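Quick notes on the structure that follows.
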Amino acid sequence: MQNINSRQQLKASYLYRRYGSWAVVTGASSGIGREMALRLAESGLNLVLVARSKQVLEQMAVDWRDRYAIEVKVLAVDLAIASGTKIIVEVTQDLDIGLLVAAAGFGTAGAFIELPIETEMEMLNVNCRSLLELTWHFGRRFAKRGNGGIVLMSSIVGFQGAPFAAHYAATKAYVQTLAEALYVELAPMGIDVIASAPGPTNSGFASRAGMKLGMALNPEDVAQATLNALGKKPTILPGFISKLLTYSLAFLPRWARVQIMGGVMRDMTKHQKG
């Protein structure tokens, strides 16, 4: 039996009516991706959950099948390698997918030339290449069906360079500009596109990036705000912190924003020696 109140049911009916019965969520095992998937499950959408953590995904699938009476397929794939997106395409070819949430991603922090190039290439593949392939593939499918939705995870660091997170910020700038353009380009085909650009968020991201967070958003707040804004605007800045950090820099010249962001990132980065 679904454990959702009448207000959630109203939102649920809209998501189901607008995007149909199936959604793909990458990065679904934790953080924002998990919270996105949970809200779609509450909305009655069947799910294809994608992440590397098979055991975590399978437990989610068991829980949500019973709780929300939905179908859940689990794909334990690594989007850092090309075969990952191919598996998603193959497994979903016979499903009526109407929504793509591309939440998989990770970051690094520190002096650019001191970071392992192998890790940076892996990040490029996850944050950009796999996102590009999935957006292109499902965008074409949505165009044929006459409607659909695409959620791409950007970041407030994607609006200018961010020293000490230089490459991560560059990958998010790629996502941001892609989403902004596709919001306009795909709208006549009935396809909603949004870039979600949160600020620091309490998830597994910070520990992997080697950063310490002060004020931070909760993944559930980012997920809810993003789904609420889908189809209404090209970019959402979830939460007060995201808006504060973005709007406070908006009227400064770009070079000044880069300098300020560099100071912020330097303070957030854990410099460990030895």
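Naming works like this for the structure tokens: A, B, ... for the chains as they're shown, residue 1 at the start of each chain, ligands 1 onward in shown order.
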
Write out as a PyMOL selection string the residues lying within 7 Å of Ala197 (chain A), counting only C-alpha atoms and excluding same-chain residues fewer than 4 positions away. chain A and resi 153-156+236-238

I need the strand (DSSP E or B) residues of region 144-205 of chain A per DSSP on the backbone, written as a tab-separated table (two decimals) with all heavy atoms, in the first residue's frame.
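To be explicit, this is the file written out as result23.tsv:
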```
chain	number	residue	atom	x	y	z
A	148	GLY	N	8.05	13.82	-23.04
A	148	GLY	CA	9.05	13.20	-22.17
A	148	GLY	C	9.69	14.26	-21.29
A	148	GLY	O	9.41	15.46	-21.42
A	149	GLY	N	10.55	13.81	-20.40
A	149	GLY	CA	11.24	14.73	-19.50
A	149	GLY	C	12.68	14.32	-19.30
A	149	GLY	O	13.00	13.12	-19.27
A	150	ILE	N	13.58	15.29	-19.18
A	150	ILE	CA	15.00	15.05	-18.98
A	150	ILE	C	15.49	15.94	-17.85
A	150	ILE	O	15.38	17.17	-17.94
A	150	ILE	CB	15.82	15.33	-20.26
A	150	ILE	CG1	15.35	14.42	-21.41
A	150	ILE	CG2	17.31	15.12	-20.00
A	150	ILE	CD1	16.00	14.75	-22.75
A	151	VAL	N	16.03	15.34	-16.80
A	151	VAL	CA	16.60	16.07	-15.67
A	151	VAL	C	18.11	15.87	-15.70
A	151	VAL	O	18.59	14.73	-15.63
A	151	VAL	CB	16.03	15.56	-14.33
A	151	VAL	CG1	16.71	16.29	-13.16
A	151	VAL	CG2	14.52	15.74	-14.28
A	152	LEU	N	18.85	16.98	-15.80
A	152	LEU	CA	20.31	16.93	-15.82
A	152	LEU	C	20.84	17.66	-14.60
A	152	LEU	O	20.42	18.78	-14.30
A	152	LEU	CB	20.84	17.58	-17.10
A	152	LEU	CG	20.33	16.99	-18.42
A	152	LEU	CD1	20.94	17.72	-19.61
A	152	LEU	CD2	20.61	15.50	-18.52
A	153	MET	N	21.78	17.03	-13.90
A	153	MET	CA	22.31	17.61	-12.67
A	153	MET	C	23.50	18.51	-12.96
A	153	MET	O	24.59	18.05	-13.31
A	153	MET	CB	22.71	16.51	-11.69
A	153	MET	CG	21.53	15.71	-11.15
A	153	MET	SD	20.21	16.72	-10.42
A	153	MET	CE	21.14	17.64	-9.17
A	191	ILE	N	9.02	17.87	-25.05
A	191	ILE	CA	10.02	17.35	-24.11
A	191	ILE	C	10.44	18.44	-23.14
A	191	ILE	O	10.89	19.51	-23.55
A	191	ILE	CB	11.25	16.81	-24.86
A	191	ILE	CG1	10.84	15.75	-25.88
A	191	ILE	CG2	12.27	16.25	-23.88
A	191	ILE	CD1	11.96	15.32	-26.82
A	192	ASP	N	10.28	18.16	-21.85
A	192	ASP	CA	10.70	19.08	-20.80
A	192	ASP	C	12.15	18.77	-20.41
A	192	ASP	O	12.50	17.61	-20.19
A	192	ASP	CB	9.82	18.92	-19.56
A	192	ASP	CG	8.36	19.22	-19.83
A	192	ASP	OD1	8.09	20.09	-20.69
A	192	ASP	OD2	7.49	18.58	-19.20
A	193	VAL	N	12.97	19.81	-20.32
A	193	VAL	CA	14.38	19.65	-19.91
A	193	VAL	C	14.66	20.65	-18.79
A	193	VAL	O	14.24	21.81	-18.87
A	193	VAL	CB	15.35	19.91	-21.08
A	193	VAL	CG1	16.79	19.72	-20.63
A	193	VAL	CG2	15.03	18.98	-22.25
A	194	ILE	N	15.37	20.19	-17.77
A	194	ILE	CA	15.76	21.10	-16.70
A	194	ILE	C	17.17	20.79	-16.22
A	194	ILE	O	17.58	19.62	-16.19
A	194	ILE	CB	14.77	21.03	-15.51
A	194	ILE	CG1	15.00	22.20	-14.55
A	194	ILE	CG2	14.88	19.69	-14.78
A	194	ILE	CD1	13.89	22.39	-13.54
A	195	ALA	N	17.90	21.86	-15.90
A	195	ALA	CA	19.19	21.72	-15.22
A	195	ALA	C	18.95	22.03	-13.74
A	195	ALA	O	18.45	23.10	-13.41
A	195	ALA	CB	20.21	22.69	-15.80
A	196	SER	N	19.29	21.10	-12.88
A	196	SER	CA	19.22	21.32	-11.45
A	196	SER	C	20.61	21.69	-10.96
A	196	SER	O	21.55	20.91	-11.11
A	196	SER	CB	18.72	20.07	-10.72
A	196	SER	OG	18.66	20.29	-9.32
A	201	THR	N	25.77	19.89	-1.04
A	201	THR	CA	24.69	18.98	-0.64
A	201	THR	C	25.26	17.84	0.19
A	201	THR	O	26.32	17.29	-0.13
A	201	THR	CB	23.98	18.41	-1.89
A	201	THR	OG1	23.51	19.49	-2.71
A	201	THR	CG2	22.81	17.54	-1.50
```

Residues near Leu79 (chain A), cut-off 8 Å, only C-alpha atoms, skip fewer than 5 positions along chain, as a count of residues only: 5

Near region 10-25 of chain A, within 7 Å and counting only C-alpha atoms, which residues show up once chain neighbours fewer than 2 positions away are dropped, as number ranges by chain? A: 6-8, 27-28, 33, 37, 42-50, 96-103, 148-149

Which of these residues is nearest to Arg34 (chain A), using only C-alpha atoms: A:Ile88, A:Ala173, A:Ala104, A:Met121? A:Ala104
